[in-house]
file run_39.tsv (TSV, C-alpha atoms)
chain	number	residue	atom	x	y	z
A	757	MET	CA	-21.25	52.63	-43.23
A	758	ILE	CA	-19.66	50.50	-45.95
A	759	ASN	CA	-16.29	51.97	-45.04
A	760	GLY	CA	-16.69	51.02	-41.39
A	761	LEU	CA	-17.64	47.49	-42.38
A	762	VAL	CA	-14.57	47.14	-44.58
A	763	GLN	CA	-12.35	48.44	-41.78
A	764	GLY	CA	-13.91	45.94	-39.40
A	765	ILE	CA	-13.33	43.01	-41.77
A	766	SER	CA	-9.78	44.18	-42.34
A	767	THR	CA	-9.02	44.32	-38.61
A	768	ALA	CA	-10.65	40.90	-38.19
A	769	CYS	CA	-8.42	39.44	-40.93
A	770	ILE	CA	-5.31	40.86	-39.28
A	771	ALA	CA	-6.41	39.56	-35.88
A	772	ILE	CA	-7.03	36.06	-37.30
A	773	GLY	CA	-3.60	36.20	-38.94
A	774	LEU	CA	-1.98	37.13	-35.63
A	775	ILE	CA	-3.76	34.29	-33.82
A	776	PHE	CA	-2.52	31.88	-36.50
A	777	TRP	CA	1.00	33.28	-36.09
A	778	LEU	CA	1.08	32.81	-32.33
A	779	TRP	CA	-0.60	29.39	-32.42
A	780	GLY	CA	1.64	28.07	-35.19
A	781	THR	CA	4.93	29.48	-33.93
A	782	TRP	CA	4.51	28.33	-30.36
A	783	PRO	CA	5.18	24.58	-31.12
A	784	LEU	CA	8.65	25.56	-32.39
A	785	LEU	CA	9.81	25.60	-28.79
A	786	GLY	CA	8.74	22.02	-28.15
A	787	SER	CA	10.74	18.92	-28.89
A	788	ARG	CA	8.69	17.49	-31.74
A	789	SER	CA	10.13	16.37	-35.08
A	790	VAL	CA	10.99	18.88	-37.81
A	791	LEU	CA	8.10	17.62	-39.94
A	792	PHE	CA	5.56	18.10	-37.17
A	793	LYS	CA	6.74	21.66	-36.61
A	794	LEU	CA	6.52	22.28	-40.35
A	795	HIS	CA	2.79	21.53	-40.27
A	796	SER	CA	2.14	24.17	-37.63
A	797	LEU	CA	4.50	26.62	-39.31
A	798	SER	CA	2.54	26.29	-42.52
A	799	VAL	CA	-0.53	27.39	-40.56
A	800	ALA	CA	1.39	30.34	-39.11
A	801	ASP	CA	3.69	31.56	-41.82
A	802	THR	CA	1.63	30.82	-44.92
A	803	LEU	CA	-2.02	31.01	-43.91
A	804	GLY	CA	-1.57	33.54	-41.09
A	805	SER	CA	0.57	35.85	-43.20
A	806	MET	CA	-1.88	35.58	-46.10
A	807	ALA	CA	-4.71	36.63	-43.79
A	808	ILE	CA	-2.64	39.63	-42.62
A	809	VAL	CA	-1.89	40.68	-46.21
A	810	VAL	CA	-5.59	40.40	-47.12
A	811	GLY	CA	-6.31	42.65	-44.13
A	812	LEU	CA	-3.79	45.19	-45.41
A	813	LEU	CA	-5.27	44.89	-48.91
A	814	LEU	CA	-8.67	45.96	-47.53
A	815	LYS	CA	-7.02	48.92	-45.78
A	816	ILE	CA	-5.24	50.24	-48.89
A	817	PRO	CA	-7.16	48.91	-51.92
A	818	ARG	CA	-5.41	51.32	-54.31
A	819	GLU	CA	-2.18	49.29	-54.08
A	820	TRP	CA	-3.93	46.06	-55.06
A	821	PRO	CA	-1.55	44.97	-57.87
A	822	LEU	CA	1.54	44.80	-55.66
A	823	LEU	CA	-0.31	43.35	-52.68
A	824	LEU	CA	-1.83	40.66	-54.90
A	825	LEU	CA	1.66	39.84	-56.15
A	826	ALA	CA	2.84	39.69	-52.54
A	827	LEU	CA	0.00	37.30	-51.73
A	828	ILE	CA	0.82	34.95	-54.61
A	829	ALA	CA	4.56	35.08	-53.93
A	830	LEU	CA	3.99	34.40	-50.24
A	831	ALA	CA	1.84	31.34	-50.92
A	832	ILE	CA	4.16	29.81	-53.47
A	833	TRP	CA	7.52	30.54	-51.81
A	834	ASN	CA	6.51	29.50	-48.31
A	835	THR	CA	4.87	26.29	-49.49
A	836	ILE	CA	7.80	25.28	-51.67
A	837	LEU	CA	10.26	26.17	-48.91
A	838	GLY	CA	8.27	23.86	-46.65
A	839	TYR	CA	8.60	21.07	-49.19
A	840	VAL	CA	12.34	21.69	-49.69
A	841	LEU	CA	12.97	21.70	-45.93
A	842	ALA	CA	10.93	18.51	-45.50
A	843	TYR	CA	12.75	16.82	-48.36
A	844	CYS	CA	16.24	17.90	-47.24
A	845	SER	CA	15.77	17.15	-43.57
A	846	GLN	CA	14.65	13.60	-44.39
A	847	GLY	CA	18.14	12.77	-45.62
A	848	ASP	CA	18.79	9.63	-47.64
A	849	GLN	CA	15.82	7.56	-48.60
A	850	PRO	CA	16.68	3.88	-48.23
A	851	TYR	CA	14.21	2.86	-50.94
A	852	ASP	CA	13.43	4.25	-54.40
B	850	MET	CA	-2.87	50.09	-34.47
B	851	ASN	CA	0.39	49.66	-32.60
B	852	TRP	CA	-0.98	46.57	-30.87
B	853	ILE	CA	-0.52	44.70	-34.16
B	854	LEU	CA	3.21	45.41	-34.13
B	855	THR	CA	3.54	44.49	-30.47
B	856	VAL	CA	1.92	41.10	-31.03
B	857	MET	CA	4.10	40.58	-34.10
B	858	ILE	CA	7.29	41.27	-32.17
B	859	VAL	CA	6.22	38.77	-29.51
B	860	ALA	CA	5.61	36.19	-32.25
B	861	LEU	CA	8.99	37.02	-33.77
B	862	LEU	CA	10.82	36.43	-30.49
B	863	ILE	CA	9.75	32.76	-30.41
B	864	PRO	CA	11.69	31.60	-33.51
B	865	ILE	CA	14.67	33.79	-32.57
B	866	TYR	CA	14.86	32.10	-29.16
B	867	GLU	CA	14.45	28.69	-30.78
B	868	ALA	CA	17.27	29.37	-33.25
B	869	PHE	CA	19.43	30.39	-30.32
B	870	GLN	CA	18.77	27.37	-28.09
B	871	ASP	CA	18.39	24.38	-30.44
B	872	GLU	CA	21.54	22.64	-31.61
B	873	ASP	CA	19.97	20.63	-34.42
B	874	ILE	CA	20.64	22.29	-37.77
B	875	TRP	CA	17.20	21.56	-39.26
B	876	GLN	CA	15.39	23.01	-36.27
B	877	LYS	CA	17.55	26.10	-36.69
B	878	MET	CA	16.69	26.31	-40.41
B	879	LEU	CA	13.00	26.03	-39.55
B	880	ALA	CA	13.31	28.88	-37.06
B	881	PHE	CA	15.18	31.05	-39.58
B	882	SER	CA	12.60	30.47	-42.29
B	883	SER	CA	9.96	31.56	-39.83
B	884	VAL	CA	11.93	34.69	-38.95
B	885	ALA	CA	12.35	35.51	-42.66
B	886	SER	CA	8.68	35.39	-43.53
B	887	LYS	CA	7.57	37.12	-40.35
B	888	THR	CA	9.92	40.07	-40.83
B	889	SER	CA	8.85	40.61	-44.42
B	890	ILE	CA	5.20	40.71	-43.39
B	891	MET	CA	6.19	43.18	-40.65
B	892	VAL	CA	7.74	45.43	-43.30
B	893	LEU	CA	4.38	45.54	-45.09
B	894	VAL	CA	2.48	46.28	-41.88
B	895	VAL	CA	4.90	49.06	-40.91
B	896	SER	CA	4.52	50.61	-44.35
B	897	VAL	CA	0.74	50.72	-43.94
B	898	LEU	CA	0.96	52.11	-40.40
B	899	ARG	CA	3.31	54.89	-41.48
B	900	ASP	CA	1.36	55.42	-44.70
B	901	ASP	CA	4.59	55.24	-46.68
B	902	TRP	CA	4.15	52.96	-49.65
B	903	MET	CA	7.85	53.21	-50.60
B	904	VAL	CA	8.56	50.92	-47.63
B	905	GLY	CA	5.76	48.67	-48.84
B	906	VAL	CA	7.37	48.26	-52.26
B	907	VAL	CA	10.52	47.03	-50.54
B	908	GLY	CA	8.43	44.52	-48.58
B	909	VAL	CA	6.76	43.23	-51.74
B	910	LEU	CA	10.15	42.87	-53.43
B	911	ILE	CA	11.52	40.90	-50.46
B	912	LEU	CA	8.46	38.65	-50.55
B	913	SER	CA	8.73	37.99	-54.27
B	914	VAL	CA	12.44	37.22	-54.18
B	915	GLY	CA	11.38	35.06	-51.31
B	916	ASN	CA	13.28	32.49	-49.39
B	917	ALA	CA	15.41	31.38	-52.33
B	918	SER	CA	18.57	31.69	-50.26
B	919	LEU	CA	17.17	29.43	-47.54
B	920	MET	CA	16.27	26.80	-50.15
B	921	LEU	CA	19.80	26.83	-51.54
B	922	LEU	CA	21.24	26.65	-48.03
B	923	ALA	CA	19.03	23.65	-47.25
B	924	GLN	CA	20.30	21.85	-50.36
B	925	ILE	CA	23.92	22.62	-49.46
B	926	ILE	CA	23.49	21.39	-45.86
B	927	LYS	CA	21.95	18.18	-47.21
B	928	ARG	CA	24.94	17.60	-49.51
B	929	VAL	CA	27.42	18.37	-46.73
B	930	ASN	CA	25.67	15.97	-44.39
B	931	GLU	CA	25.74	13.22	-46.99
B	932	SER	CA	29.42	13.42	-47.80
C	936	MET	CA	0.51	25.97	-74.26
C	937	ILE	CA	2.70	28.86	-75.31
C	938	ILE	CA	-0.25	31.15	-74.64
C	939	LEU	CA	-0.62	30.01	-71.02
C	940	ASP	CA	3.09	30.58	-70.49
C	941	LEU	CA	2.85	34.10	-71.91
C	942	VAL	CA	-0.23	34.92	-69.85
C	943	LEU	CA	1.59	33.89	-66.68
C	944	ARG	CA	4.62	36.06	-67.46
C	945	LEU	CA	2.52	39.04	-68.48
C	946	MET	CA	0.41	38.73	-65.35
C	947	ILE	CA	3.49	38.92	-63.13
C	948	TRP	CA	4.80	41.88	-65.15
C	949	PHE	CA	1.58	43.89	-64.91
C	950	LEU	CA	1.11	43.16	-61.23
C	951	LEU	CA	4.69	44.26	-60.61
C	952	THR	CA	4.54	47.49	-62.61
C	953	SER	CA	0.77	48.21	-62.28
C	954	ASP	CA	0.94	50.42	-65.36
C	955	LEU	CA	-1.18	49.84	-68.47
C	956	SER	CA	0.39	52.42	-70.80
C	957	VAL	CA	1.26	51.37	-74.36
C	958	THR	CA	5.02	51.51	-73.74
C	959	ASN	CA	4.72	49.25	-70.74
C	960	ILE	CA	2.57	46.72	-72.60
C	961	VAL	CA	5.10	46.62	-75.46
C	962	ILE	CA	8.00	46.11	-73.06
C	963	GLY	CA	6.12	43.38	-71.19
C	964	VAL	CA	5.16	41.44	-74.32
C	965	ALA	CA	8.68	41.77	-75.74
C	966	VAL	CA	10.34	40.50	-72.57
C	967	ALA	CA	7.82	37.67	-72.25
C	968	LEU	CA	8.63	36.56	-75.79
C	969	ILE	CA	12.39	36.89	-75.41
C	970	LEU	CA	12.73	34.94	-72.14
C	971	PRO	CA	13.74	31.35	-72.81
C	972	ARG	CA	11.01	28.75	-72.77
C	973	ASN	CA	11.64	25.19	-71.69
C	974	SER	CA	11.18	22.92	-74.64
C	975	GLY	CA	10.02	19.75	-72.92
C	976	ARG	CA	6.75	18.09	-73.77
C	977	SER	CA	3.77	20.04	-72.59
C	978	ALA	CA	0.54	18.90	-71.00
C	979	PRO	CA	-2.85	19.55	-72.63
C	980	ILE	CA	-4.36	22.86	-71.66
C	981	ARG	CA	-7.44	21.24	-70.10
C	982	GLU	CA	-5.20	19.40	-67.64
C	983	TRP	CA	-3.55	22.71	-66.73
C	984	LEU	CA	-6.83	24.51	-66.17
C	985	ARG	CA	-8.10	21.65	-64.03
C	986	THR	CA	-4.98	21.69	-61.85
C	987	LEU	CA	-5.05	25.49	-61.53
C	988	TRP	CA	-8.70	25.30	-60.48
C	989	LYS	CA	-7.78	22.67	-57.90
C	990	SER	CA	-5.07	24.92	-56.48
C	991	LEU	CA	-7.63	27.74	-56.11
C	992	LEU	CA	-9.94	25.36	-54.25
C	993	ALA	CA	-7.02	24.43	-52.00
C	994	ILE	CA	-7.08	27.92	-50.39
C	995	PRO	CA	-10.43	27.66	-48.54
C	996	GLN	CA	-9.68	24.02	-47.77
C	997	ALA	CA	-6.37	25.02	-46.20
C	998	TYR	CA	-8.12	27.52	-43.92
C	999	LEU	CA	-10.69	24.92	-42.91
C	1000	GLU	CA	-7.95	22.44	-42.04
C	1001	ALA	CA	-6.07	25.13	-40.12
C	1002	ILE	CA	-9.12	25.90	-37.98
C	1003	GLU	CA	-9.68	22.18	-37.48
C	1004	ILE	CA	-6.18	21.51	-36.20
C	1005	ILE	CA	-6.32	24.59	-33.97
C	1006	LEU	CA	-9.56	23.45	-32.33
C	1007	ARG	CA	-8.69	19.76	-32.10
C	1008	PRO	CA	-5.01	19.01	-31.56
C	1009	HIS	CA	-3.55	16.49	-33.98
C	1010	ARG	CA	-0.71	14.78	-32.13
C	1011	TYR	CA	0.16	11.77	-34.22
C	1012	GLU	CA	2.26	11.58	-37.37
C	1013	GLU	CA	2.04	9.18	-40.27
C	1014	ILE	CA	3.68	8.77	-43.68
C	1015	THR	CA	1.60	7.48	-46.56
C	1016	GLN	CA	2.27	7.05	-50.23
C	1017	GLU	CA	-0.01	8.72	-52.72
C	1018	HIS	CA	-0.15	7.54	-56.26
C	1019	VAL	CA	-0.36	9.93	-59.20
C	1020	SER	CA	-0.30	9.34	-62.90
C	1021	SER	CA	3.33	9.03	-63.92
C	1022	ARG	CA	2.87	10.93	-67.16
C	1023	ARG	CA	2.68	14.37	-65.52
C	1024	THR	CA	4.90	17.14	-66.86
C	1025	PRO	CA	7.25	18.98	-64.47
C	1026	GLY	CA	4.95	22.01	-64.30
C	1027	LEU	CA	2.01	19.87	-63.25
C	1028	ILE	CA	4.12	17.98	-60.71
C	1029	PHE	CA	5.09	21.34	-59.24
C	1030	LEU	CA	1.43	22.31	-58.89
C	1031	ASP	CA	0.55	18.91	-57.40
C	1032	ILE	CA	3.26	19.26	-54.75
C	1033	PHE	CA	2.08	22.82	-54.12
C	1034	ILE	CA	-1.54	21.73	-53.57
C	1035	ILE	CA	-0.60	18.93	-51.17
C	1036	THR	CA	1.93	20.93	-49.17
C	1037	PHE	CA	-0.22	24.06	-49.02
C	1038	THR	CA	-2.89	22.38	-46.91
C	1039	PRO	CA	-1.58	22.28	-43.33
C	1040	LYS	CA	-2.33	18.64	-42.57
C	1041	THR	CA	-0.20	17.24	-45.37
C	1042	ILE	CA	3.36	17.77	-46.56
C	1043	VAL	CA	5.09	16.06	-49.47
C	1044	THR	CA	8.48	14.82	-48.32
C	1045	HIS	CA	9.66	13.00	-51.40
C	1046	TYR	CA	8.70	12.62	-55.04
C	1047	HIS	CA	9.55	9.36	-56.77
C	1048	GLU	CA	10.10	9.33	-60.50
C	1049	ARG	CA	7.77	6.38	-61.01
C	1050	GLY	CA	4.79	8.43	-60.01
C	1051	TRP	CA	4.14	8.53	-56.30
C	1052	TYR	CA	4.70	10.93	-53.45
C	1053	ASP	CA	5.59	10.29	-49.83
C	1054	VAL	CA	3.06	12.37	-47.91
C	1055	HIS	CA	3.51	13.20	-44.24
C	1056	TRP	CA	0.23	13.54	-42.33
C	1057	ILE	CA	-0.73	14.66	-38.87
C	1058	ARG	CA	-3.61	12.71	-37.38
C	1059	ARG	CA	-5.92	13.07	-34.42
C	1060	ARG	CA	-5.87	9.41	-33.48
C	1061	LYS	CA	-2.96	7.09	-33.30
C	1062	PRO	CA	-2.59	5.42	-36.71
C	1063	GLN	CA	-2.72	1.62	-36.71
call {"tool": "encode", "arguments": {"input": "run_39.tsv", "output": "structure tokens"}}
result
Amino acid sequence: MINGLVQGISTACIAIGLIFWLWGTWPLLGSRSVLFKLHSLSVADTLGSMAIVVGLLLKIPREWPLLLLALIALAIWNTILGYVLAYCSQGDQPYD
Amino acid sequence: MNWILTVMIVALLIPIYEAFQDEDIWQKMLAFSSVASKTSIMVLVVSVLRDDWMVGVVGVLILSVGNASLMLLAQIIKRVNES
Amino acid sequence: MIILDLVLRLMIWFLLTSDLSVTNIVIGVAVALILPRNSGRSAPIREWLRTLWKSLLAIPQAYLEAIEIILRPHRYEEITQEHVSSRRTPGLIFLDIFIITFTPKTIVTHYHERGWYDVHWIRRRKPQ
């Protein structure tokens, strides 16, 4: 009973992650600015991937230390990469 | 569970196509960063599907080394563009 | 301050090795002590705990914002300037940038030394 519930939540997490992936990656094909695409990529690649990893964590709880590390690393690296890309693609700031 | 991988591959094709068709370097970088994080999550999913945690360890290592190379590349491109 | 630094390093070590044997604890503590520590000024521990707590709260908020922008498209962009106290240490600035950029509606594009960030927003309505 409990096991089935956990499996259900896990599949739901993965499905939500996949929806986030597709929704957030799709705007890449459009012709919006880099910054606008970064907003939707942070939905897809950070939040969506985190949901998928949480889903995997519920499937194999015995590997929790490494999966938790993966979760933290994913959040920090993707967010900071987003900041670095935003900062670098802006080029020279005329004021400061 | 194979449907998960199928959907993931579809999602992965979008940034690959974008990297192929867009000339602007920052749009390309954006697409590559997306490819990088998507593939490392796929490694984790494959390891769970095949029940082979050795593959999973590799995925976790890739995630924790992270996108450091892309950050350095972004800095270099910025410098090159400025000079 | 040193303690928080050590706790962070040891946490990464134990998550990575997932092994609580005596040998492993000794190795972890030794490496955490040996690794160089940056010797700049450090913020009070209460400030750190407050910022760490805020970054935990940012996770549910980020999911809420994600659902919001999925359901209601945000088409317009805007750049604002957010003021922060200029006496933050580099570690705290890092966490501040992390919190702002982690939530999908906002991205920091530039940090100015005198204590403000350029923040890029997406909005539902056209900004005036």
call {"tool": "atom_distance", "arguments": {"input": "run_39.tsv", "atom1": "CA of Ala771 in chain A", "atom2": "CA of Ile853 in chain B"}}
result
8.0 Å
call {"tool": "interface_residues", "arguments": {"input": "run_39.tsv", "of": "chain A", "to": "chain C", "cutoff": "6 Å", "atoms": "only C-alpha atoms", "output": "list in words"}}
result
His795, Ser798, Val799, Pro821, Leu822, Thr835, Ala842 and Tyr843 of chain A
call {"tool": "interface_residues", "arguments": {"input": "run_39.tsv", "of": "chain B", "to": "chain C", "cutoff": "10 Å", "atoms": "only C-alpha atoms", "output": "list of chain:residue names"}}
result
B:Val906, B:Val909, B:Leu910, B:Ser913
call {"tool": "interface_residues", "arguments": {"input": "run_39.tsv", "of": "chain A", "to": "chain B", "cutoff": "6 Å", "atoms": "all atoms listed in the file", "output": "PDB file with C-alpha atoms, in the coordinates of the input"}}
result
ATOM      1  CA  LEU A 778       1.080  32.810 -32.330  1.00  0.00           C
ATOM      2  CA  LEU A 785       9.810  25.600 -28.790  1.00  0.00           C
ATOM      3  CA  ALA A 826       2.840  39.690 -52.540  1.00  0.00           C
ATOM      4  CA  ALA A 829       4.560  35.080 -53.930  1.00  0.00           C
ATOM      5  CA  TRP A 833       7.520  30.540 -51.810  1.00  0.00           C
ATOM      6  CA  CYS A 844      16.240  17.900 -47.240  1.00  0.00           C
TER       7      CYS A 844
END
call {"tool": "atom_distance", "arguments": {"input": "run_39.tsv", "atom1": "CA of Trp777 in chain A", "atom2": "CA of Arg1058 in chain C"}}
result
21.1 Å
call {"tool": "atom_distance", "arguments": {"input": "run_39.tsv", "atom1": "CA of Ile858 in chain B", "atom2": "CA of Gly764 in chain A"}}
result
22.9 Å
call {"tool": "residues_around", "arguments": {"input": "run_39.tsv", "residues": "Cys769 in chain A", "least_positions_apart": "3", "cutoff": "10 Å", "atoms": "all atoms listed in the file", "output": "list in words"}}
result
Gln763, Gly764, Ile765, Ser766, Ile772, Gly773, Leu774, Ile775, Gly804, Ser805, Met806, Ala807, Ile808, Val809, Val810, Gly811, Leu812 and Leu814 of chain A
call {"tool": "closest_residue", "arguments": {"input": "run_39.tsv", "among": "A:Lys815, A:Leu794, A:Leu803, A:Ile758", "to": "Phe776 in chain A", "atoms": "only C-alpha atoms"}}
result
A:Leu803
call {"tool": "closest_residue", "arguments": {"input": "run_39.tsv", "among": "C:Ile960, C:Ala967, C:Leu987, C:Leu955", "to": "Gly1026 in chain C", "atoms": "only C-alpha atoms"}}
result
C:Leu987
